[in-house]
Amino acid sequence: MHKVYHRIEQIAGNVIVVSAGGIIYGELAQVETGFSTSLAQVIRLEGNRVYLQVFAGGRGVSTDSKVRFLGRAMQIPFSENLLGRIFTGSGVPRDNGPVLSGNEISIGGPSVNPAKRIIPRNMVRTGIPMIDVFNTLVESQKLPIFSVAGEPYNELLARIALQAEVDIIILGGMGLKHDDYLYFRDYLEENGALSRSILYVHTAADPTVECTLVPDIALATAEQFALQDNRVLVLLTDMTNFADAMKEVAITMEQIPSNRGYPGDLYSQLASRYEKAVDFEGSGSITILAVTTMPGDDVTHPVPDNTGYITEGQFYLKNGRIEPFGSLSRLKQQVNGKTRDDHRIIMDTMIQLYASYRETLEKQSMGFRMSGWDEKLLKYGVRFENEMMALSVNIPLEEALDRGWKILADCFEPQETGIASKFTDKFWPDKA
Amino acid sequence: MNLGKIVGVNGNLLTVEFEKPIIQNEVGFAKLGEIQLKSEVIRIRSRHAELQVFEDTGGLKVGDQVEFTGSLLSVELGPGLLTQVFDGLQNPLPALAEECGFFLQRGKYIKPLPREAKWKFTPTVNEGDTVVAGDAVGQVPEGVFNHRIMVPFHLPGRMTVKSVEPEGEFTVEDTVAVVADGKGREYEVKLMQVWPVKIPIKCYAERLRPTEPLATSQRIVDTFFPVARGGTYCVPGPFGAGKTVLQQITSRHADVDIVIIAACGERAGEVVETLREFPELTDPKTGRSLMERTLIICNTSSMPVAAREASVYTAVTIAEYYRQMGLSILLLADSTSRWAQALREMSGRLEEIPGEEAFPAYLESVIAAFYERGGVVRLNDGSIGSVTIGGNVSPAGGNFEEPVTQGTLKVVGAFHGLSRARSDARRYPAIDPLESWSKYKSIVDEDELAIARRFLHDGNEVGQMMKVVGEEGTSIDDFLVYLKAEYLDSVYLQQNAFNDVDAATPVDRQKHVFGFIVRLLNTQLKFENKDDARSFFQKLTQATRDWNQMAFDSDEFKKQEEQLNHQIAEVTDYA
Ligand SMILES: Nc1ncnc2c1ncn2[C@@H]1O[C@H](COP(=O)(O)OP(=O)(O)OP(=O)(O)O)[C@@H](O)[C@H]1O
Ligand SMILES: [Mg+2]
């Protein structure tokens, strides 16, 4: 029973209003615009007035455009055939592959019962010392990269995805530059990972509403694969674009904004996506790595701020490096006690000494006199930055720990590091 | 049956046309085929009622039916609440998981109290006795507690006990006593009763002033910014500053009978840690599993938003219920900001005129009314019960000048403000010692406390000055003030949550160690130069930290204390 309506009473932004009866809250409709047909979703019912959000936007919709209600909510096809494919934000193929259908699944489904969750326990190795050693990534973690515009965050994301030991990679691109979309595609392809990846890509040129669908589609797909015993890594870039798209939609709906124009439910909206990260007991898992660009490098901006309140830490990307200060993996202590005996020692000691190095730099810049200790710190800081922090460094955890000891031994005497002697006896390298 | 008809759907807000009388805040069920979606009436305007739905509303249509129940949003109160994990509407989550698997299912409701379980009832009244609402007619053992079976809280005036069952085994729905009012109307008393969450339980003789300290075992709290039994406090702080960790430590070590944790709109993963770890931990007070004194209300961030608002009321109502048994209850809510945001979302849908940051204008009074439900009371039988409330606040941008923090600060008795600077410097717990305050009485001597505070204040000023003029430009006396303040901070304010001994410092030990530190602060020290002074304090700090990790009053502990005194004596200026 597909009902068709012709009279559109109101068009404002991406939202149109038609008079219709028997319509289901949340159902989909097809709207014919001047150029093409777009999907739309019922977002409000008010007596006979039905508010629809048009995915392709209100542009081109006329007062007599045809609206055909489909009687069902948004669904996407799910199967193994998704692997290696690329879609738009609303799930239409972007590559030249066939349209998929059958085995439709709902998006934005219910949340996992907290009583069914388990304590995360597996490290995800990335080959990046600033992550593996200092802020270990854990399977089922939700973690954003906080970044200023212009930093190589997409490169970092792609690299982690490739090196992480996961079964399936799902990319949700939001407001991506077309170049960046091609970069992801080519990078995965060149490295032979495209066949275990699925890309849902909304580019900056695509309709705003489609941007808001990307996380839900990506995560619904991830959930199905995870329930089939796969370790899934979901990459979401850039969540600030997602939040901005929601802001735009909220403003057209004349909602009262809370902070800098963002809707009052920004926290809940972000949380319902990030909380999809999970480790299903006896089955697979979803790990979420996102990018949140920070307008003006301001961590108190509503998007990074609300994100920080939701995620389990963050990697802070600045000047092409993951900053040790401001970065945090809140789940690291679940795994870094089980890797190697000296993991936590290297982690704590090197960071403390690096903090002292920064203080020394400050003193130096104010013209205070440098002591012998200061000189040692200055030497150490440079080596730490070049041999540990630089994103070009790509070594396994164990090698990074060994390298840590080497740097310490080259710069300090054992007792200067504050490490208990029973550990320096065991791990301190012999001077060659 | 009182039925209404849906005329509008906007997110989780329904507009419903009704015929027969309905009540503000009554529960209605929206019918979606076989399933029923629980909702609450939140505004009535002429023939239209607005209902907030505690579930996803997708699938509802204009014309669908809503059944009004005639009762307010309520919780079940009776034996079997402790150790449970409920959602915001008191659905037992483990039972739901057993039925529905990994995912929550909308419209699925399970009775909070197990119906088959039998409880051993012992009467404490006789036929013919006079009782009033809230008086016990008997008790059943629930874990380590004597769970009082009470005359229903809503019954008015004096009642006469008509009959009471002898000792025996009963389920929560069995009647164990019958009472009658002056007009001879009879009422049954069962092991369980039902109470609306938004109405405080007030079956006590009088409310008292919170004066007795409630030891949390965190030194910076108990000594510097104490909490009182029956008092209220809040912990605002930016993300990652340590609110949840602090609350988790408190929930383990606080000197109370029962802890109720309201995980309100935060991460599910954090609740899981409590859920999995508490059954394994022992409560030093009773020697039993920590879970036996704990109850968790868990409405995490991806669960329905309206139920988030209900969850804090569910939690506080259960707390008040146990207070009626003469117990001391600590309610910890993480985070009240999420509850305030739920109010904001609903207010927005109702198109109310917004206040600051789009929060509703009544935000402050709602917050005040919630914290007012804490308190210490003398019950009709003379025993004392208390509900202490500690709420985490998550201010936008970490800025305390926002409506939820400000509204909370107006009504609480203590403020533990977490600072980004302290958490970045890994000075945990990151309570800012210069900004925070408490109106309650400390466990230590007030004069000694004043001395310690002055050092913290002066030490900070010297530190600020040194940033400008450098160490060279600072006098040795000032420098010593700075070092002493840093020492107090490092070994007393900071506490290592991950060391078994240091994680919890009981009151006796706090008094002892604080006494030691104040003596040092008052001692005139003599050093050749600043480097000597610094290196002395570095060593003293390390040795005191070691001391903190030794069992209180052990030989090791005493020896270390002698050693510390010896170290200090060597640099004391006796002139
Ligand atoms: N007392 C402590 N000792 C050691 N580490 C701590 C302590 N408190 C907090 N931390 C560190 O800080 C991290 C964040 O703490 P926590 O989760 O309590 O922050 P929060 O204030 O609740 O943040 P949010 O508002 O985002 O929930 C922890 O994962 C831990 O690494
Ligand atoms: Mg927290």
# chains A, B, ... in the order shown; residues from 1 in each chain; ligands from 1

$ closest_atom_pairs --of "chain B" --to "ligand 1" --cutoff "9 Å" --atoms "only C-alpha atoms and all ligand atoms" --output "tab-separated table"
residue	atom	partner	partner_atom_place_in_ligand_line	distance
B:Val235	CA	ligand 1	21 (O)	9.0
B:Pro236	CA	ligand 1	21 (O)	8.1
B:Gly237	CA	ligand 1	21 (O)	6.0
B:Pro238	CA	ligand 1	25 (O)	5.9
B:Phe239	CA	ligand 1	25 (O)	3.6
B:Gly240	CA	ligand 1	23 (O)	3.5
B:Ala241	CA	ligand 1	21 (O)	4.0
B:Gly242	CA	ligand 1	18 (O)	3.1
B:Lys243	CA	ligand 1	21 (O)	3.6
B:Thr244	CA	ligand 1	18 (O)	3.5
B:Val245	CA	ligand 1	18 (O)	3.7
B:Leu246	CA	ligand 1	1 (N)	6.0
B:Gln247	CA	ligand 1	18 (O)	7.6
B:Gln248	CA	ligand 1	18 (O)	8.2
B:Ile249	CA	ligand 1	1 (N)	8.1
B:Glu266	CA	ligand 1	27 (O)	6.7
B:Arg267	CA	ligand 1	27 (O)	7.5
B:Glu270	CA	ligand 1	17 (O)	8.0
B:Asp334	CA	ligand 1	22 (O)	8.0
B:Ser335	CA	ligand 1	27 (O)	8.1
B:Asn392	CA	ligand 1	22 (O)	8.2
B:Val393	CA	ligand 1	25 (O)	8.0
B:Ser394	CA	ligand 1	25 (O)	5.7
B:Pro395	CA	ligand 1	25 (O)	8.7
B:Leu418	CA	ligand 1	21 (O)	8.0
B:Ser423	CA	ligand 1	12 (O)	7.2
B:Asp424	CA	ligand 1	12 (O)	8.9
B:Arg426	CA	ligand 1	5 (N)	7.1
B:Arg427	CA	ligand 1	3 (N)	8.0
B:Tyr428	CA	ligand 1	1 (N)	4.5
B:Pro429	CA	ligand 1	1 (N)	4.6
B:Ala430	CA	ligand 1	8 (N)	7.3
B:Gln494	CA	ligand 1	1 (N)	8.3
B:Gln495	CA	ligand 1	1 (N)	7.0
B:Asn496	CA	ligand 1	3 (N)	5.8
B:Ala497	CA	ligand 1	3 (N)	4.9
B:Phe498	CA	ligand 1	3 (N)	6.7
B:Ala503	CA	ligand 1	1 (N)	8.6

$ write_last_selection --atoms "N, CA and C atoms" --output "JSON list (two decimals), in the first residue's frame"
[["chain", "number", "residue", "atom", "x", "y", "z"],
["B", 235, "VAL", "N", 30.83, 16.90, 42.46],
["B", 235, "VAL", "CA", 32.18, 16.78, 41.89],
["B", 235, "VAL", "C", 32.14, 17.18, 40.43],
["B", 236, "PRO", "N", 32.29, 18.48, 40.15],
["B", 236, "PRO", "CA", 32.37, 18.89, 38.74],
["B", 236, "PRO", "C", 33.80, 18.77, 38.24],
["B", 237, "GLY", "N", 33.94, 18.54, 36.96],
["B", 237, "GLY", "CA", 35.28, 18.49, 36.38],
["B", 237, "GLY", "C", 35.20, 18.22, 34.91],
["B", 238, "PRO", "N", 36.21, 18.69, 34.15],
["B", 238, "PRO", "CA", 36.23, 18.45, 32.71],
["B", 238, "PRO", "C", 36.39, 16.97, 32.40],
["B", 239, "PHE", "N", 36.21, 16.60, 31.16],
["B", 239, "PHE", "CA", 36.31, 15.17, 30.84],
["B", 239, "PHE", "C", 37.70, 14.64, 31.13],
["B", 240, "GLY", "N", 37.75, 13.43, 31.64],
["B", 240, "GLY", "CA", 39.03, 12.80, 31.91],
["B", 240, "GLY", "C", 39.73, 13.27, 33.16],
["B", 241, "ALA", "N", 39.08, 14.12, 33.97],
["B", 241, "ALA", "CA", 39.75, 14.66, 35.16],
["B", 241, "ALA", "C", 39.71, 13.67, 36.32],
["B", 242, "GLY", "N", 38.86, 12.66, 36.24],
["B", 242, "GLY", "CA", 38.87, 11.64, 37.28],
["B", 242, "GLY", "C", 37.60, 11.56, 38.13],
["B", 243, "LYS", "N", 36.49, 12.07, 37.64],
["B", 243, "LYS", "CA", 35.23, 12.01, 38.39],
["B", 243, "LYS", "C", 34.80, 10.57, 38.63],
["B", 244, "THR", "N", 34.80, 9.79, 37.57],
["B", 244, "THR", "CA", 34.30, 8.42, 37.68],
["B", 244, "THR", "C", 35.21, 7.55, 38.54],
["B", 245, "VAL", "N", 36.52, 7.70, 38.36],
["B", 245, "VAL", "CA", 37.45, 6.92, 39.17],
["B", 245, "VAL", "C", 37.26, 7.27, 40.65],
["B", 246, "LEU", "N", 37.15, 8.56, 40.96],
["B", 246, "LEU", "CA", 36.97, 8.99, 42.35],
["B", 246, "LEU", "C", 35.68, 8.40, 42.92],
["B", 247, "GLN", "N", 34.65, 8.41, 42.11],
["B", 247, "GLN", "CA", 33.38, 7.86, 42.58],
["B", 247, "GLN", "C", 33.46, 6.34, 42.79],
["B", 248, "GLN", "N", 34.20, 5.68, 41.90],
["B", 248, "GLN", "CA", 34.35, 4.23, 42.06],
["B", 248, "GLN", "C", 35.11, 3.91, 43.34],
["B", 249, "ILE", "N", 36.15, 4.69, 43.64],
["B", 249, "ILE", "CA", 36.91, 4.44, 44.88],
["B", 249, "ILE", "C", 35.99, 4.68, 46.08],
["B", 266, "GLU", "N", 26.22, 7.91, 31.20],
["B", 266, "GLU", "CA", 27.65, 7.83, 30.94],
["B", 266, "GLU", "C", 27.97, 6.53, 30.21],
["B", 267, "ARG", "N", 29.26, 6.15, 30.18],
["B", 267, "ARG", "CA", 29.67, 4.98, 29.40],
["B", 267, "ARG", "C", 29.21, 3.66, 30.04],
["B", 270, "GLU", "N", 32.04, 1.58, 31.94],
["B", 270, "GLU", "CA", 32.43, 1.89, 33.31],
["B", 270, "GLU", "C", 31.59, 1.12, 34.32],
["B", 334, "ASP", "N", 26.41, 9.62, 38.49],
["B", 334, "ASP", "CA", 27.39, 9.98, 37.46],
["B", 334, "ASP", "C", 26.69, 9.89, 36.12],
["B", 335, "SER", "N", 26.33, 10.96, 35.51],
["B", 335, "SER", "CA", 26.57, 12.33, 35.90],
["B", 335, "SER", "C", 25.24, 13.09, 35.87],
["B", 392, "ASN", "N", 28.25, 13.76, 40.36],
["B", 392, "ASN", "CA", 29.25, 14.26, 39.43],
["B", 392, "ASN", "C", 28.58, 15.24, 38.47],
["B", 393, "VAL", "N", 29.33, 16.26, 38.09],
["B", 393, "VAL", "CA", 28.82, 17.22, 37.12],
["B", 393, "VAL", "C", 29.82, 17.31, 35.97],
["B", 394, "SER", "N", 29.33, 17.32, 34.75],
["B", 394, "SER", "CA", 30.20, 17.37, 33.58],
["B", 394, "SER", "C", 29.96, 18.67, 32.84],
["B", 395, "PRO", "N", 30.60, 19.75, 33.27],
["B", 395, "PRO", "CA", 30.32, 21.06, 32.67],
["B", 395, "PRO", "C", 30.86, 21.17, 31.25],
["B", 418, "LEU", "N", 37.26, 19.37, 40.33],
["B", 418, "LEU", "CA", 38.44, 18.75, 39.74],
["B", 418, "LEU", "C", 39.04, 19.72, 38.73],
["B", 423, "SER", "N", 44.86, 17.15, 36.94],
["B", 423, "SER", "CA", 44.79, 15.81, 36.34],
["B", 423, "SER", "C", 45.86, 15.67, 35.26],
["B", 424, "ASP", "N", 46.17, 16.76, 34.56],
["B", 424, "ASP", "CA", 47.26, 16.69, 33.58],
["B", 424, "ASP", "C", 48.58, 16.38, 34.26],
["B", 426, "ARG", "N", 48.87, 14.60, 36.70],
["B", 426, "ARG", "CA", 48.67, 13.30, 37.35],
["B", 426, "ARG", "C", 48.64, 13.43, 38.87],
["B", 427, "ARG", "N", 48.11, 14.55, 39.36],
["B", 427, "ARG", "CA", 47.95, 14.73, 40.80],
["B", 427, "ARG", "C", 46.56, 14.27, 41.19],
["B", 428, "TYR", "N", 46.43, 12.96, 41.35],
["B", 428, "TYR", "CA", 45.12, 12.37, 41.67],
["B", 428, "TYR", "C", 44.95, 12.15, 43.15],
["B", 429, "PRO", "N", 43.72, 12.20, 43.67],
["B", 429, "PRO", "CA", 42.52, 12.70, 43.00],
["B", 429, "PRO", "C", 42.67, 14.20, 42.69],
["B", 430, "ALA", "N", 42.21, 14.62, 41.52],
["B", 430, "ALA", "CA", 42.52, 15.95, 41.02],
["B", 430, "ALA", "C", 41.64, 17.05, 41.60],
["B", 494, "GLN", "N", 47.52, 13.93, 47.45],
["B", 494, "GLN", "CA", 47.53, 12.92, 46.40],
["B", 494, "GLN", "C", 47.48, 11.54, 47.03],
["B", 495, "GLN", "N", 46.79, 10.67, 46.36],
["B", 495, "GLN", "CA", 46.60, 9.33, 46.90],
["B", 495, "GLN", "C", 46.58, 8.35, 45.75],
["B", 496, "ASN", "N", 47.31, 7.27, 45.89],
["B", 496, "ASN", "CA", 47.44, 6.32, 44.79],
["B", 496, "ASN", "C", 46.30, 5.30, 44.80],
["B", 497, "ALA", "N", 45.40, 5.47, 43.85],
["B", 497, "ALA", "CA", 44.21, 4.62, 43.82],
["B", 497, "ALA", "C", 44.54, 3.17, 43.52],
["B", 498, "PHE", "N", 45.73, 2.92, 42.98],
["B", 498, "PHE", "CA", 46.02, 1.57, 42.54],
["B", 498, "PHE", "C", 46.92, 0.79, 43.50],
["B", 503, "ALA", "N", 45.18, 3.26, 48.64],
["B", 503, "ALA", "CA", 43.88, 3.54, 48.03],
["B", 503, "ALA", "C", 42.85, 4.00, 49.05]]

$ interface_residues --of "chain A" --to "chain B" --cutoff "8 Å" --atoms "only C-alpha atoms" --output "PyMOL selection string"
chain A and resi 21-27+43-48+110-119+255-259+264-265+268+271-273+275+280+299-302+305-306+308-310+313+325-326+368

$ atom_distance --atom1 "CA of Gly143 in chain B" --atom2 "CA of Leu82 in chain B"
8.3 Å

$ residues_around --residues "Leu213 in chain A" --least-positions-apart "2" --cutoff "9 Å" --atoms "only C-alpha atoms" --output "list in words"
Gly89, Ser90, Ile107, Val209, Glu210, Cys211, Pro215, Asp216, Ile217, Ala218 and Phe242 of chain A

$ write_last_selection --atoms "N, CA, C and O atoms" --output "short mmCIF file (atom, residue, chain, number, x, y, z; two decimals), in the first residue's frame"
data_model
loop_
_atom_site.label_atom_id
_atom_site.label_comp_id
_atom_site.auth_asym_id
_atom_site.auth_seq_id
_atom_site.Cartn_x
_atom_site.Cartn_y
_atom_site.Cartn_z
N GLY A 89 26.68 7.91 1.27
CA GLY A 89 26.17 8.01 2.64
C GLY A 89 24.81 7.37 2.80
O GLY A 89 24.44 6.98 3.91
N SER A 90 24.04 7.24 1.74
CA SER A 90 22.74 6.59 1.91
C SER A 90 22.76 5.17 1.36
O SER A 90 21.72 4.56 1.15
N ILE A 107 18.97 0.25 10.64
CA ILE A 107 20.12 1.02 11.14
C ILE A 107 19.70 1.74 12.43
O ILE A 107 18.51 1.92 12.70
N VAL A 209 22.19 15.90 4.48
CA VAL A 209 21.46 14.91 5.26
C VAL A 209 22.14 13.54 5.17
O VAL A 209 22.19 12.80 6.15
N GLU A 210 22.69 13.24 4.00
CA GLU A 210 23.35 11.95 3.85
C GLU A 210 24.53 11.79 4.80
O GLU A 210 24.85 10.69 5.22
N CYS A 211 25.13 12.92 5.14
CA CYS A 211 26.26 12.90 6.06
C CYS A 211 25.82 12.34 7.41
O CYS A 211 26.55 11.59 8.06
N PRO A 215 27.43 7.36 10.00
CA PRO A 215 27.82 6.53 11.15
C PRO A 215 26.84 5.39 11.40
O PRO A 215 27.26 4.27 11.69
N ASP A 216 25.56 5.66 11.27
CA ASP A 216 24.57 4.61 11.54
C ASP A 216 24.71 3.45 10.57
O ASP A 216 24.65 2.29 10.96
N ILE A 217 24.90 3.77 9.29
CA ILE A 217 25.04 2.69 8.30
C ILE A 217 26.31 1.90 8.55
O ILE A 217 26.31 0.67 8.58
N ALA A 218 27.40 2.63 8.76
CA ALA A 218 28.69 1.96 8.99
C ALA A 218 28.62 1.06 10.22
O ALA A 218 29.09 -0.08 10.21
N PHE A 242 30.02 15.54 10.81
CA PHE A 242 28.75 14.92 11.19
C PHE A 242 27.97 15.83 12.14
O PHE A 242 26.78 16.09 11.95
#

$ atom_distance --atom1 "CA of Glu80 in chain A" --atom2 "CA of Thr212 in chain A"
24.5 Å

$ residues_around --residues "Thr33 in chain A" --least-positions-apart "2" --cutoff "6 Å" --atoms "only C-alpha atoms" --output "PDB file with N, CA, C and O atoms, in the first residue's frame"
ATOM      1  N   PHE A  35      15.282  16.941 -10.553  1.00  0.00           N
ATOM      2  CA  PHE A  35      16.358  16.260 -11.268  1.00  0.00           C
ATOM      3  C   PHE A  35      16.351  14.763 -11.064  1.00  0.00           C
ATOM      4  O   PHE A  35      16.737  14.011 -11.930  1.00  0.00           O
ATOM      5  N   SER A  36      15.935  14.342  -9.878  1.00  0.00           N
ATOM      6  CA  SER A  36      16.065  12.927  -9.578  1.00  0.00           C
ATOM      7  C   SER A  36      15.091  12.545  -8.482  1.00  0.00           C
ATOM      8  O   SER A  36      14.277  13.346  -8.058  1.00  0.00           O
ATOM      9  N   THR A  37      15.195  11.326  -8.023  1.00  0.00           N
ATOM     10  CA  THR A  37      14.363  10.881  -6.923  1.00  0.00           C
ATOM     11  C   THR A  37      15.241  10.731  -5.699  1.00  0.00           C
ATOM     12  O   THR A  37      16.346  10.188  -5.784  1.00  0.00           O
ATOM     13  N   GLY A  60      15.240  21.907  -5.506  1.00  0.00           N
ATOM     14  CA  GLY A  60      14.636  21.221  -6.650  1.00  0.00           C
ATOM     15  C   GLY A  60      13.283  20.609  -6.343  1.00  0.00           C
ATOM     16  O   GLY A  60      12.589  20.156  -7.248  1.00  0.00           O
ATOM     17  N   VAL A  61      12.890  20.560  -5.067  1.00  0.00           N
ATOM     18  CA  VAL A  61      11.559  20.021  -4.749  1.00  0.00           C
ATOM     19  C   VAL A  61      10.541  21.099  -5.075  1.00  0.00           C
ATOM     20  O   VAL A  61      10.726  22.268  -4.745  1.00  0.00           O
TER      21      VAL A  61
END

$ select_by_dssp --residues "range 223-298 of chain A" --states "strand (DSSP E)" --output "ChimeraX atom specification"
/A:231-237,257-259,262-263,278-279,285-293

$ residues_around --residues "Ser147 in chain A" --least-positions-apart "6" --cutoff "8 Å" --atoms "only C-alpha atoms" --output "PyMOL selection string"
chain A and resi 153+291-294+297+316-318

$ closest_atom_pairs --of "range 296-354 of chain B" --to "range 400-405 of chain B" --cutoff "9 Å" --atoms "only C-alpha atoms" --output "CSV"
residue,atom,partner,partner_atom,distance
B:Thr336,CA,B:Val404,CA,8.1
B:Ser337,CA,B:Val404,CA,6.4
B:Ala340,CA,B:Val404,CA,7.1

$ closest_residue --among "B:Asn146, B:Phe370, B:Pro213, B:Ser328" --to "Ile199 in chain B" --atoms "only C-alpha atoms"
B:Phe370

$ residues_around --residues "Phe225 in chain A" --least-positions-apart "5" --cutoff "10 Å" --atoms "only C-alpha atoms" --output "list of chain:residue names"
A:Phe78, A:Ser79, A:Glu80, A:Asp167, A:Ile168, A:Leu219, A:Ala220, A:Asn230, A:Arg231, A:Val232, A:Ser283, A:Gly284, A:Ser285, A:Ile286

$ residues_around --residues "Glu76 in chain B" --least-positions-apart "2" --cutoff "12 Å" --atoms "only C-alpha atoms" --output "ChimeraX atom specification"
/B:73-74,78-81,86,89-92,110-115,152,172-173,190-197,314-315,317-318,321

$ closest_residue --among "B:Leu480, B:Val507, B:Ala333, B:Val132" --to "Asp255 in chain B" --atoms "only C-alpha atoms"
B:Val507
